[in-house]
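This report refers to the structure that appears directly beneath it.
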Amino acid sequence: MRLLRAYSNLLTNHRKVILVAVLAFSLWTSIGFLRNQPERFAGIKAIQSRQTDIQEADSLYKELRTQFNLQRPEQIIVMTSPRSLNQVDVQAMRCAVTALENLPQVQQAFWVDTLPTLNVFGLANSSLPPDGASDASFEESKAKILKNPIAVGHLISEDGRVLLVPLQMDWLEVTSDEDVREEILSTARAAADQVSGHLVEFTATGDIPLFLDQMAAHRWNQHFFQAIGFGLVLILAIGIYRSLIPVLLVSSAPALAILWSLGIRRWLNEPDNPLSDAVLPVLVAIVGITDGIHLLAYIRTALDSGHPPRQAAASAVRHVGLACFLTSLTTAIGFASLMWADSELVRGFGRSCAIGVTMAFLSMVTVLPLMAGTRLARRLPESTERDLVETKLGFWTPWVEHWLKHRRLVSVLGILLTLTLSISLFYLTPDEKRSFGLPTRSPSFRALEQCDESVGGIELARVVIEWSDNEITAEGPPSDLVEIVQQVEQAISREPLLRHPLSINQILKALPSGEQSSNSLEMLNLLPSALRDSVYREDLRRTMVSVRFQDVGIAIYEPVFERLRTTFDQLQHQYSGIKIGLTGETVVRSRKIVQVVSDLQKSLVGAALIIFTLLAVVYRSWRIGLLAIVPNLLPIVATSSMLIFLGRSLDVSAACAFTVCLGIAVDDTIHFVSRFLQERERLGDTDEAIRVSYRRVGSALMITTLIMAVGFATVLMSEMPAQRIFGAMAVCTISTALLGDLIFLPALLAWFYRSERRPSELPLESNEAPSTS
């Protein structure tokens with residue numbers, strides 16, 4: 001309070017100094033906003049960084065990448081045709097792949113036509129006959145390919161309508177985004193079009209195309225939501241006040257706060273963050289304008305009581321400023337708690353939004369009082385007749401009598417409802433999949449879906465079978481190694497979500513019939529070394545089984561992986577000296593995402609404890625802190641129930657939303673409790689203090705809730721599923737918080753609250769406030 005009093009005096013007595021500081025700070029942030037544009041092509045760095053993080057998180061996967069020369073394709077060209085392998089289409093595909101191989105930025109292109117023919121001599125011949133071959137020769141080769149376990153599900157679909165061409169890029173030849181996608185697709189299409197009558201279509205997916213589409217949507221969202229943030233401030237202010245002066249006063253500070261926030265992010269060299277860019281401008285706009293509504297309402301009351309404009313503005317800072325500070329602090333705590341997450345995406349989102357909330361508060365308690373202390377304020381009382389807050393939302397106020405009359409029943413219902421909905425928290429499971437962060441209408445996302453359907457996905461899990469030194473015989477590996485691999489494959493085949501395993505068994509099955517036994521490991525030494533070493537390393541006493549799975553989320557696959565681990569443990573006990581492990585990029589990422597979500601859940605609990613403790617300390621009443629739990633826990637558990645009802649799991653963005661929404665939900669509680677304590681000190685009666693608080697704050701809470709709901713609802717227009725679910729959760733949380741604060745909180749205060757000290761000891765100085773009764 002002393003700090004707010006000193007600051008209000010500074011606003012009154014040194015206005016020019018404050019004005020110069022605001023202008024200088026705005027200039028500095030404007031320069032920051034115009035500098036430090038993101039580098040042109042950051043895709044390879046982002047992809048390499050992700051792969052490095054995954055390798056460091058799992059030593060087995062890191063070893064496999066070196067030992068088996070695992071090269072994750074940087075992008076995959078998907079060639080589709082409405083007809084199964086056809087000579088004309090194959091000719092067009094061959095022309096397209098040849099053209100791709102001739103591009104300087106393409107280091108390697110591999111497809112079914114370059115798959116070596118397996119025989120005892122290890123000779124590599126084309127899998128398809130040359131152009132112009134007879135129909136009989138082509139059909140014979142086609143039949144062999146569609147029965148080849150090395151090709152089917154890895155390079156070609158079972159029906160022969162979808163073919164994949166994994167590409168590795170030469171990054172020294174890449175100078176722009178267009179080099180790694182637009183030029184590649186246009187080259188393939190132009191080469192294929194030289195063959196008349198073909199029906200082949202070309203799309204791209206994989207790390208690079210998915211990343212570029214994500215960044216394109218991110219850049220669009222960045223500009224779109226910045227415009228939404230600025231426009232939302234103006235539109236909502238006009239809709240609420242319907243008069244130029246209050247619109248100008250309330251909208252200027254949030255608009256300036258958006259500029260400050262974006263400029264500071266650039267000065268701090270914050271990397272591009274899709275979640276921050278969609279949420280930050282909207283968040284700053286709604287936090288700023290909601291605080292502005294409360295400040296302006298107090299200024300109007302002071303002006304009506306005869307206070308001059310500067311004194312009215314200073315008085316608003318002293319009295320409403322504490323509530324605004326607490327709302328900003330609790331919201332910032334929610335965001336700051338995200339900084340302890342393992343994910344840089346989450347940490348960056350927390351940092352950016354904590355900065356945004358801080359800038360919204362500073363702008364609102366500085367810019368609005370400065371403007372309100374001018375001649376503009378003299379026209380404010382004239383505008384109340386057209387004011388939505390003052391004239392249109394008072395219909396809710398008479399209901400307070402019902403809550404007070406049935407205070408015990410309403411309180412018990414609120415507590416029971418909160419406890420019942422809390423059960424949903426135990427049914428939320430961590431989840432993550434690529435499509436959460438991808439624009440659903442992008443070409444690469446549609447190609448990813450096509451790969452999921454036709455070949456079982458582009459993601460791979462790796463099963464590693466290792467034998468000890470004493471299991472090596474004079475002839476080589478254990479005699480029952482093939483049997484062990486077969487049992488591993490049988491365990492995989494029992495899982496319908498896993499498809500197309502690739503192992504030494506599959507390679508042996510692909511050998512020409514009659515040339516050797518299908519269970520002979522000796523024949524592997526006659527195969528091309530690149531193929532053999534991709535699944536079998538006798539020198540390292542390891543063999544590997546790769547299996548494909550779809551992008552349907554780790555919540556679905558984690559039980560599958562757990563069943564496989566259980567089976568592998570049984571096999572290890574059955575065969576002495578054998579170790580079987582499960583790894584792979586997505587398997588490792590699933591463990592990491594579970595840890596990230598777990599950390600976010602802990603941060604939510606920590607933020608809740610800090611917020612409720614802060615309320616108890618600031619208001620010097622542990623009873624207030626405890627009573628605030630029900631109206632603020634209710635929105636969280638209601639949103640959790642909404643996720644369960646919609647069939648959604650707890651991904652990173654949803655976990656972030658819980659933490660963020662807790663900080664926002666408590667804002668209404670703070671404004672109501674602050675007013676209640678002021679009125680109770682002045683009136684000395686709890687019920688009457690609740691009635692007056694309802695009349696003076698209830699309408700403002702309704703309109704601020706409407707503002708926040710509309711603001712976060714704009715995020716539902718995003719192409720990113722993760723951003724849309726964040727917006728939906730925010731709307732649900734904020735709307736439910738209003739019900740908790742206007743129904744259950746008054747009943748709880750009326751039933752349980754008793755003053756724990758003399759009125760003069762309360763921290764809110766209502767003796768300087770104008771009468772509001």
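Residue numbering restarts at 1 for every chain of the structure tokens, chains are lettered A, B, ... in their displayed order, and ligands are numbered from 1 as they appear.
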Lys579 in chain A environment, 6 Å, only C-alpha atoms, sequence neighbours closer than 4 positions dropped, as an mmCIF file with all heavy atoms, in the first residue's frame:
data_model
loop_
_atom_site.group_PDB
_atom_site.id
_atom_site.type_symbol
_atom_site.label_atom_id
_atom_site.label_comp_id
_atom_site.auth_asym_id
_atom_site.auth_seq_id
_atom_site.Cartn_x
_atom_site.Cartn_y
_atom_site.Cartn_z
ATOM 1 N N ILE A 465 17.996 -56.613 -29.869
ATOM 2 C CA ILE A 465 18.289 -57.909 -29.251
ATOM 3 C C ILE A 465 19.801 -58.041 -29.161
ATOM 4 O O ILE A 465 20.507 -57.951 -30.173
ATOM 5 C CB ILE A 465 17.690 -59.061 -30.069
ATOM 6 C CG1 ILE A 465 16.176 -58.863 -30.235
ATOM 7 C CG2 ILE A 465 17.994 -60.400 -29.412
ATOM 8 C CD1 ILE A 465 15.539 -59.851 -31.191
ATOM 9 N N GLU A 466 20.288 -58.232 -27.959
ATOM 10 C CA GLU A 466 21.735 -58.282 -27.723
ATOM 11 C C GLU A 466 22.084 -59.582 -27.007
ATOM 12 O O GLU A 466 21.357 -60.020 -26.117
ATOM 13 C CB GLU A 466 22.148 -57.081 -26.871
ATOM 14 C CG GLU A 466 23.637 -56.956 -26.622
ATOM 15 C CD GLU A 466 23.983 -55.692 -25.858
ATOM 16 O OE1 GLU A 466 23.038 -54.944 -25.498
ATOM 17 O OE2 GLU A 466 25.170 -55.455 -25.605
ATOM 18 N N GLN A 572 13.652 -62.578 -21.982
ATOM 19 C CA GLN A 572 14.992 -62.510 -21.397
ATOM 20 C C GLN A 572 15.190 -63.584 -20.338
ATOM 21 O O GLN A 572 16.289 -64.129 -20.195
ATOM 22 C CB GLN A 572 15.219 -61.114 -20.788
ATOM 23 C CG GLN A 572 15.384 -60.036 -21.837
ATOM 24 C CD GLN A 572 15.556 -58.660 -21.216
ATOM 25 O OE1 GLN A 572 16.195 -57.796 -21.785
ATOM 26 N NE2 GLN A 572 14.971 -58.425 -20.058
#
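With only C-alpha atoms taken into account, the protein and nucleic acid residues at most 10 Å from Leu706 in chain A (excluding it and anything under 2 positions from it in its own chain) are Leu236, Ile286, Thr290, Ala700, Leu701, Met702, Ile703, Thr704, Met708, Ala709, Val710, Gly711, Val731, Ile734, Ser735 and Leu738 of chain A.
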Identify which of the residues A:Ile228, A:Arg696, A:Gly350, A:Glu344 lies closest to Thr714 in chain A, counting only C-alpha atoms when measuring atom-to-atom distances.
-> A:Ile228
Just the residues within 12 Å of Gln87 in chain A, please, counting only C-alpha atoms, with nothing from its chain fewer than 5 positions along; format it as JSON, numbers by chain.
-> {"A": [81, 92, 93, 94, 128, 129, 130, 131, 132, 133, 134, 135, 136, 137, 138, 139, 141, 142, 195, 196, 197, 198, 199, 200]}
From the list A:Val152, A:Leu362, A:Leu248, A:Leu283, which residue is nearest Val22 in chain A when using only C-alpha atoms?
-> A:Leu362
Using backbone DSSP assignments, extract all helix (DSSP H, G or I) residues from range 122-235 of chain A; output them as a PyMOL selection string.
-> chain A and resi 135-145+171-173+177-180+182-192+207-235
Which residues come within 7 Å of Ala217 in chain A, counting only C-alpha atoms, excluding same-chain residues fewer than 4 positions away, as an MDAnalysis selection string?
-> chainID A and resid 213 221 439
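One distance worth recording is that between CA of Arg695 in chain A and CA of Thr12 in chain A, which is 29.6 Å.
Distances to Arg441 in chain A were evaluated for A:Glu183, A:Thr659, A:Leu210, A:Ile156 using only C-alpha atoms, and the minimum falls at A:Leu210.
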Residues within 7 Å of Gly727 in chain A, only C-alpha atoms, excluding chain neighbours under 4 positions, as a ChimeraX atom specification | /A:712-713,715-716,723,731
So that I have them on file, write out the residues from the current selection with N, CA and C atoms, as a compact mmCIF listing (two decimals), in the first residue's frame.
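The resulting file, selection_28.txt, is shown below:
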# COMPACT_ATOMS: atom_id res chain seq x y z
N PHE A 712 -10.04 -15.06 -25.75
CA PHE A 712 -9.47 -16.39 -25.94
C PHE A 712 -10.23 -17.19 -26.98
N ALA A 713 -11.49 -16.86 -27.23
CA ALA A 713 -12.24 -17.56 -28.27
C ALA A 713 -11.64 -17.29 -29.65
N VAL A 715 -8.63 -17.47 -30.37
CA VAL A 715 -7.59 -18.47 -30.58
C VAL A 715 -8.17 -19.73 -31.22
N LEU A 716 -9.49 -19.93 -31.11
CA LEU A 716 -10.13 -21.09 -31.74
C LEU A 716 -10.05 -21.02 -33.26
N GLN A 723 -3.30 -24.98 -30.19
CA GLN A 723 -3.74 -23.63 -29.86
C GLN A 723 -5.26 -23.58 -29.69
N VAL A 731 -11.61 -20.46 -22.32
CA VAL A 731 -12.99 -19.99 -22.30
C VAL A 731 -13.79 -20.72 -21.23
Please provide as a PDB file with N, CA, C and O atoms, in the first residue's frame all residues within 12 Å of Leu609 in chain A, with the sequence filter that same-chain residues fewer than 5 positions apart are discarded (counting only C-alpha atoms).
ATOM      1  N   THR A 330      -0.757 -12.918  -9.588  1.00  0.00           N
ATOM      2  CA  THR A 330      -1.184 -14.324  -9.599  1.00  0.00           C
ATOM      3  C   THR A 330      -1.150 -14.898 -11.009  1.00  0.00           C
ATOM      4  O   THR A 330      -0.775 -16.061 -11.202  1.00  0.00           O
ATOM      5  N   ILE A 333       2.454 -15.501 -11.806  1.00  0.00           N
ATOM      6  CA  ILE A 333       2.946 -16.693 -11.097  1.00  0.00           C
ATOM      7  C   ILE A 333       2.581 -17.948 -11.876  1.00  0.00           C
ATOM      8  O   ILE A 333       3.382 -18.887 -12.005  1.00  0.00           O
ATOM      9  N   GLY A 334       1.343 -17.966 -12.405  1.00  0.00           N
ATOM     10  CA  GLY A 334       0.939 -19.117 -13.212  1.00  0.00           C
ATOM     11  C   GLY A 334       1.848 -19.320 -14.407  1.00  0.00           C
ATOM     12  O   GLY A 334       2.266 -20.440 -14.713  1.00  0.00           O
ATOM     13  N   SER A 337       5.573 -20.299 -13.373  1.00  0.00           N
ATOM     14  CA  SER A 337       5.759 -21.689 -12.951  1.00  0.00           C
ATOM     15  C   SER A 337       6.107 -22.594 -14.131  1.00  0.00           C
ATOM     16  O   SER A 337       6.662 -23.681 -13.939  1.00  0.00           O
ATOM     17  N   LYS A 602       2.998 -30.628 -11.531  1.00  0.00           N
ATOM     18  CA  LYS A 602       3.600 -30.192 -10.266  1.00  0.00           C
ATOM     19  C   LYS A 602       3.632 -28.672 -10.185  1.00  0.00           C
ATOM     20  O   LYS A 602       3.404 -28.088  -9.116  1.00  0.00           O
ATOM     21  N   SER A 603       3.932 -28.017 -11.317  1.00  0.00           N
ATOM     22  CA  SER A 603       3.965 -26.556 -11.311  1.00  0.00           C
ATOM     23  C   SER A 603       2.581 -25.982 -11.059  1.00  0.00           C
ATOM     24  O   SER A 603       2.438 -24.918 -10.443  1.00  0.00           O
ATOM     25  N   LEU A 604       1.536 -26.677 -11.538  1.00  0.00           N
ATOM     26  CA  LEU A 604       0.169 -26.233 -11.273  1.00  0.00           C
ATOM     27  C   LEU A 604      -0.133 -26.282  -9.776  1.00  0.00           C
ATOM     28  O   LEU A 604      -0.685 -25.331  -9.207  1.00  0.00           O
ATOM     29  N   LEU A 614      -0.498 -16.452  -0.982  1.00  0.00           N
ATOM     30  CA  LEU A 614      -0.341 -15.015  -1.216  1.00  0.00           C
ATOM     31  C   LEU A 614      -1.608 -14.254  -0.836  1.00  0.00           C
ATOM     32  O   LEU A 614      -1.546 -13.191  -0.197  1.00  0.00           O
ATOM     33  N   LEU A 615      -2.766 -14.805  -1.190  1.00  0.00           N
ATOM     34  CA  LEU A 615      -4.024 -14.144  -0.823  1.00  0.00           C
ATOM     35  C   LEU A 615      -4.176 -14.075   0.690  1.00  0.00           C
ATOM     36  O   LEU A 615      -4.593 -13.048   1.241  1.00  0.00           O
ATOM     37  N   ALA A 616      -3.837 -15.173   1.362  1.00  0.00           N
ATOM     38  CA  ALA A 616      -3.955 -15.189   2.818  1.00  0.00           C
ATOM     39  C   ALA A 616      -3.019 -14.174   3.461  1.00  0.00           C
ATOM     40  O   ALA A 616      -3.392 -13.489   4.424  1.00  0.00           O
ATOM     41  N   GLY A 625      -7.878 -17.089   2.328  1.00  0.00           N
ATOM     42  CA  GLY A 625      -7.137 -17.987   1.441  1.00  0.00           C
ATOM     43  C   GLY A 625      -7.828 -19.316   1.251  1.00  0.00           C
ATOM     44  O   GLY A 625      -7.888 -19.850   0.137  1.00  0.00           O
ATOM     45  N   LEU A 626      -8.383 -19.881   2.340  1.00  0.00           N
ATOM     46  CA  LEU A 626      -9.080 -21.159   2.236  1.00  0.00           C
ATOM     47  C   LEU A 626     -10.405 -21.022   1.493  1.00  0.00           C
ATOM     48  O   LEU A 626     -10.765 -21.887   0.681  1.00  0.00           O
ATOM     49  N   ALA A 628     -11.087 -19.037  -0.830  1.00  0.00           N
ATOM     50  CA  ALA A 628     -10.838 -18.789  -2.254  1.00  0.00           C
ATOM     51  C   ALA A 628     -10.573 -20.077  -3.032  1.00  0.00           C
ATOM     52  O   ALA A 628     -10.588 -20.061  -4.272  1.00  0.00           O
ATOM     53  N   ILE A 629     -10.349 -21.187  -2.322  1.00  0.00           N
ATOM     54  CA  ILE A 629     -10.002 -22.425  -3.017  1.00  0.00           C
ATOM     55  C   ILE A 629     -11.164 -22.929  -3.866  1.00  0.00           C
ATOM     56  O   ILE A 629     -10.992 -23.285  -5.040  1.00  0.00           O
ATOM     57  N   ASN A 632     -12.018 -21.111  -7.140  1.00  0.00           N
ATOM     58  CA  ASN A 632     -10.905 -21.125  -8.090  1.00  0.00           C
ATOM     59  C   ASN A 632     -10.475 -22.524  -8.488  1.00  0.00           C
ATOM     60  O   ASN A 632      -9.878 -22.702  -9.548  1.00  0.00           O
ATOM     61  N   LEU A 633     -10.767 -23.505  -7.651  1.00  0.00           N
ATOM     62  CA  LEU A 633     -10.526 -24.894  -8.057  1.00  0.00           C
ATOM     63  C   LEU A 633     -11.638 -25.382  -8.974  1.00  0.00           C
ATOM     64  O   LEU A 633     -11.398 -26.198  -9.879  1.00  0.00           O
ATOM     65  N   THR A 659      -2.288 -24.278 -15.915  1.00  0.00           N
ATOM     66  CA  THR A 659      -1.494 -23.395 -15.068  1.00  0.00           C
ATOM     67  C   THR A 659      -1.838 -21.937 -15.318  1.00  0.00           C
ATOM     68  O   THR A 659      -1.974 -21.133 -14.388  1.00  0.00           O
ATOM     69  N   LEU A 662      -5.426 -20.941 -14.069  1.00  0.00           N
ATOM     70  CA  LEU A 662      -5.531 -20.759 -12.625  1.00  0.00           C
ATOM     71  C   LEU A 662      -5.231 -19.309 -12.263  1.00  0.00           C
ATOM     72  O   LEU A 662      -5.950 -18.681 -11.473  1.00  0.00           O
ATOM     73  N   GLY A 663      -4.168 -18.760 -12.851  1.00  0.00           N
ATOM     74  CA  GLY A 663      -3.812 -17.378 -12.570  1.00  0.00           C
ATOM     75  C   GLY A 663      -4.867 -16.392 -13.027  1.00  0.00           C
ATOM     76  O   GLY A 663      -5.115 -15.371 -12.373  1.00  0.00           O
TER      77      GLY A 663
END
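Of the listed residues (A:Val552, A:Val464, A:Ala253, A:Leu146), A:Val464 comes nearest to Arg65 in chain A; the distances count only C-alpha atoms.
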In range 85-251 of chain A, DSSP strand (DSSP E) residues written as a ChimeraX atom specification | /A:106-109,162-169,201-205
Restricted to N, CA and C atoms, what would the selected residues look like written as a PDB file, in the first residue's frame?
ATOM      1  N   VAL A 106      19.903 -32.441 -53.148  1.00  0.00           N
ATOM      2  CA  VAL A 106      19.506 -33.805 -52.769  1.00  0.00           C
ATOM      3  C   VAL A 106      20.746 -34.675 -52.719  1.00  0.00           C
ATOM      4  N   GLN A 107      21.067 -35.145 -51.531  1.00  0.00           N
ATOM      5  CA  GLN A 107      22.244 -35.993 -51.347  1.00  0.00           C
ATOM      6  C   GLN A 107      21.943 -37.442 -51.712  1.00  0.00           C
ATOM      7  N   GLN A 108      20.741 -37.913 -51.358  1.00  0.00           N
ATOM      8  CA  GLN A 108      20.387 -39.304 -51.636  1.00  0.00           C
ATOM      9  C   GLN A 108      18.880 -39.430 -51.759  1.00  0.00           C
ATOM     10  N   ALA A 109      18.438 -40.204 -52.725  1.00  0.00           N
ATOM     11  CA  ALA A 109      17.031 -40.546 -52.894  1.00  0.00           C
ATOM     12  C   ALA A 109      16.937 -42.056 -53.031  1.00  0.00           C
ATOM     13  N   VAL A 162       0.619 -46.326 -53.290  1.00  0.00           N
ATOM     14  CA  VAL A 162       1.410 -45.275 -52.638  1.00  0.00           C
ATOM     15  C   VAL A 162       2.859 -45.739 -52.562  1.00  0.00           C
ATOM     16  N   LEU A 163       3.782 -44.904 -53.058  1.00  0.00           N
ATOM     17  CA  LEU A 163       5.208 -45.198 -52.995  1.00  0.00           C
ATOM     18  C   LEU A 163       5.915 -44.049 -52.283  1.00  0.00           C
ATOM     19  N   LEU A 164       6.897 -44.383 -51.466  1.00  0.00           N
ATOM     20  CA  LEU A 164       7.638 -43.397 -50.695  1.00  0.00           C
ATOM     21  C   LEU A 164       9.061 -43.272 -51.226  1.00  0.00           C
ATOM     22  N   VAL A 165       9.549 -42.029 -51.235  1.00  0.00           N
ATOM     23  CA  VAL A 165      10.929 -41.760 -51.639  1.00  0.00           C
ATOM     24  C   VAL A 165      11.599 -40.961 -50.507  1.00  0.00           C
ATOM     25  N   PRO A 166      12.267 -41.630 -49.560  1.00  0.00           N
ATOM     26  CA  PRO A 166      12.980 -40.899 -48.506  1.00  0.00           C
ATOM     27  C   PRO A 166      14.163 -40.127 -49.099  1.00  0.00           C
ATOM     28  N   LEU A 167      14.340 -38.894 -48.656  1.00  0.00           N
ATOM     29  CA  LEU A 167      15.413 -38.035 -49.154  1.00  0.00           C
ATOM     30  C   LEU A 167      16.329 -37.615 -48.013  1.00  0.00           C
ATOM     31  N   GLN A 168      17.624 -37.569 -48.305  1.00  0.00           N
ATOM     32  CA  GLN A 168      18.608 -36.919 -47.446  1.00  0.00           C
ATOM     33  C   GLN A 168      19.126 -35.693 -48.184  1.00  0.00           C
ATOM     34  N   MET A 169      19.267 -34.579 -47.470  1.00  0.00           N
ATOM     35  CA  MET A 169      19.620 -33.315 -48.107  1.00  0.00           C
ATOM     36  C   MET A 169      21.105 -33.006 -47.930  1.00  0.00           C
ATOM     37  N   GLU A 201       0.506 -38.292 -58.425  1.00  0.00           N
ATOM     38  CA  GLU A 201       0.525 -37.020 -57.701  1.00  0.00           C
ATOM     39  C   GLU A 201       1.664 -37.041 -56.690  1.00  0.00           C
ATOM     40  N   PHE A 202       2.284 -35.868 -56.478  1.00  0.00           N
ATOM     41  CA  PHE A 202       3.455 -35.763 -55.619  1.00  0.00           C
ATOM     42  C   PHE A 202       3.169 -34.824 -54.447  1.00  0.00           C
ATOM     43  N   THR A 203       3.419 -35.308 -53.248  1.00  0.00           N
ATOM     44  CA  THR A 203       3.353 -34.477 -52.038  1.00  0.00           C
ATOM     45  C   THR A 203       4.586 -34.788 -51.199  1.00  0.00           C
ATOM     46  N   ALA A 204       4.794 -34.006 -50.159  1.00  0.00           N
ATOM     47  CA  ALA A 204       5.967 -34.196 -49.308  1.00  0.00           C
ATOM     48  C   ALA A 204       5.552 -34.157 -47.851  1.00  0.00           C
ATOM     49  N   THR A 205       6.198 -34.985 -47.048  1.00  0.00           N
ATOM     50  CA  THR A 205       6.009 -34.960 -45.589  1.00  0.00           C
ATOM     51  C   THR A 205       7.344 -35.307 -44.950  1.00  0.00           C
TER      52      THR A 205
END
Residue contacts of range 486-489 of chain A (9 Å, only C-alpha atoms) excluding same-chain residues fewer than 6 positions away, as a list of chain:residue names | A:Val463, A:Pro501, A:Leu502, A:Ser503, A:Asn505, A:Val545, A:Leu564, A:Thr567, A:Phe568, A:Leu571
Restricting it to N, CA and C atoms, dump the selection as a PDB file, in the first residue's frame.
ATOM      1  N   VAL A 463      13.422 -52.392 -31.711  1.00  0.00           N
ATOM      2  CA  VAL A 463      13.632 -53.428 -30.702  1.00  0.00           C
ATOM      3  C   VAL A 463      15.040 -53.973 -30.896  1.00  0.00           C
ATOM      4  N   PRO A 501       7.011 -55.047 -39.429  1.00  0.00           N
ATOM      5  CA  PRO A 501       8.337 -55.172 -38.808  1.00  0.00           C
ATOM      6  C   PRO A 501       9.395 -55.506 -39.856  1.00  0.00           C
ATOM      7  N   LEU A 502      10.582 -55.011 -39.637  1.00  0.00           N
ATOM      8  CA  LEU A 502      11.712 -55.290 -40.528  1.00  0.00           C
ATOM      9  C   LEU A 502      12.851 -55.840 -39.680  1.00  0.00           C
ATOM     10  N   SER A 503      13.297 -57.061 -40.012  1.00  0.00           N
ATOM     11  CA  SER A 503      14.314 -57.732 -39.211  1.00  0.00           C
ATOM     12  C   SER A 503      15.095 -58.691 -40.099  1.00  0.00           C
ATOM     13  N   ASN A 505      14.705 -61.798 -40.079  1.00  0.00           N
ATOM     14  CA  ASN A 505      13.732 -62.763 -40.586  1.00  0.00           C
ATOM     15  C   ASN A 505      13.101 -62.279 -41.875  1.00  0.00           C
ATOM     16  N   VAL A 545      15.033 -55.027 -34.700  1.00  0.00           N
ATOM     17  CA  VAL A 545      13.741 -55.142 -35.374  1.00  0.00           C
ATOM     18  C   VAL A 545      13.104 -53.748 -35.377  1.00  0.00           C
ATOM     19  N   LEU A 564       4.736 -54.720 -24.686  1.00  0.00           N
ATOM     20  CA  LEU A 564       5.922 -55.258 -25.349  1.00  0.00           C
ATOM     21  C   LEU A 564       7.067 -55.416 -24.349  1.00  0.00           C
ATOM     22  N   THR A 567       6.535 -58.549 -22.351  1.00  0.00           N
ATOM     23  CA  THR A 567       6.853 -59.746 -23.140  1.00  0.00           C
ATOM     24  C   THR A 567       8.355 -59.912 -23.286  1.00  0.00           C
ATOM     25  N   PHE A 568       9.063 -58.822 -23.521  1.00  0.00           N
ATOM     26  CA  PHE A 568      10.516 -58.894 -23.695  1.00  0.00           C
ATOM     27  C   PHE A 568      11.201 -59.327 -22.402  1.00  0.00           C
ATOM     28  N   LEU A 571      10.922 -63.017 -22.302  1.00  0.00           N
ATOM     29  CA  LEU A 571      11.858 -63.660 -23.230  1.00  0.00           C
ATOM     30  C   LEU A 571      13.273 -63.646 -22.668  1.00  0.00           C
TER      31      LEU A 571
END
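Proximity ranking of A:Val78, A:Ile690, A:Leu19, A:Ala747 relative to Arg446 in chain A places A:Val78 first, based on only C-alpha atoms.
Nearest residue to Ile258 in chain A, choosing from A:Val90, A:Val112, A:Ile707, A:Cys353 and counting only C-alpha atoms: A:Cys353.
Here CA of Ala372 in chain A stands at a distance of 27.8 Å from CA of Glu681 in chain A.
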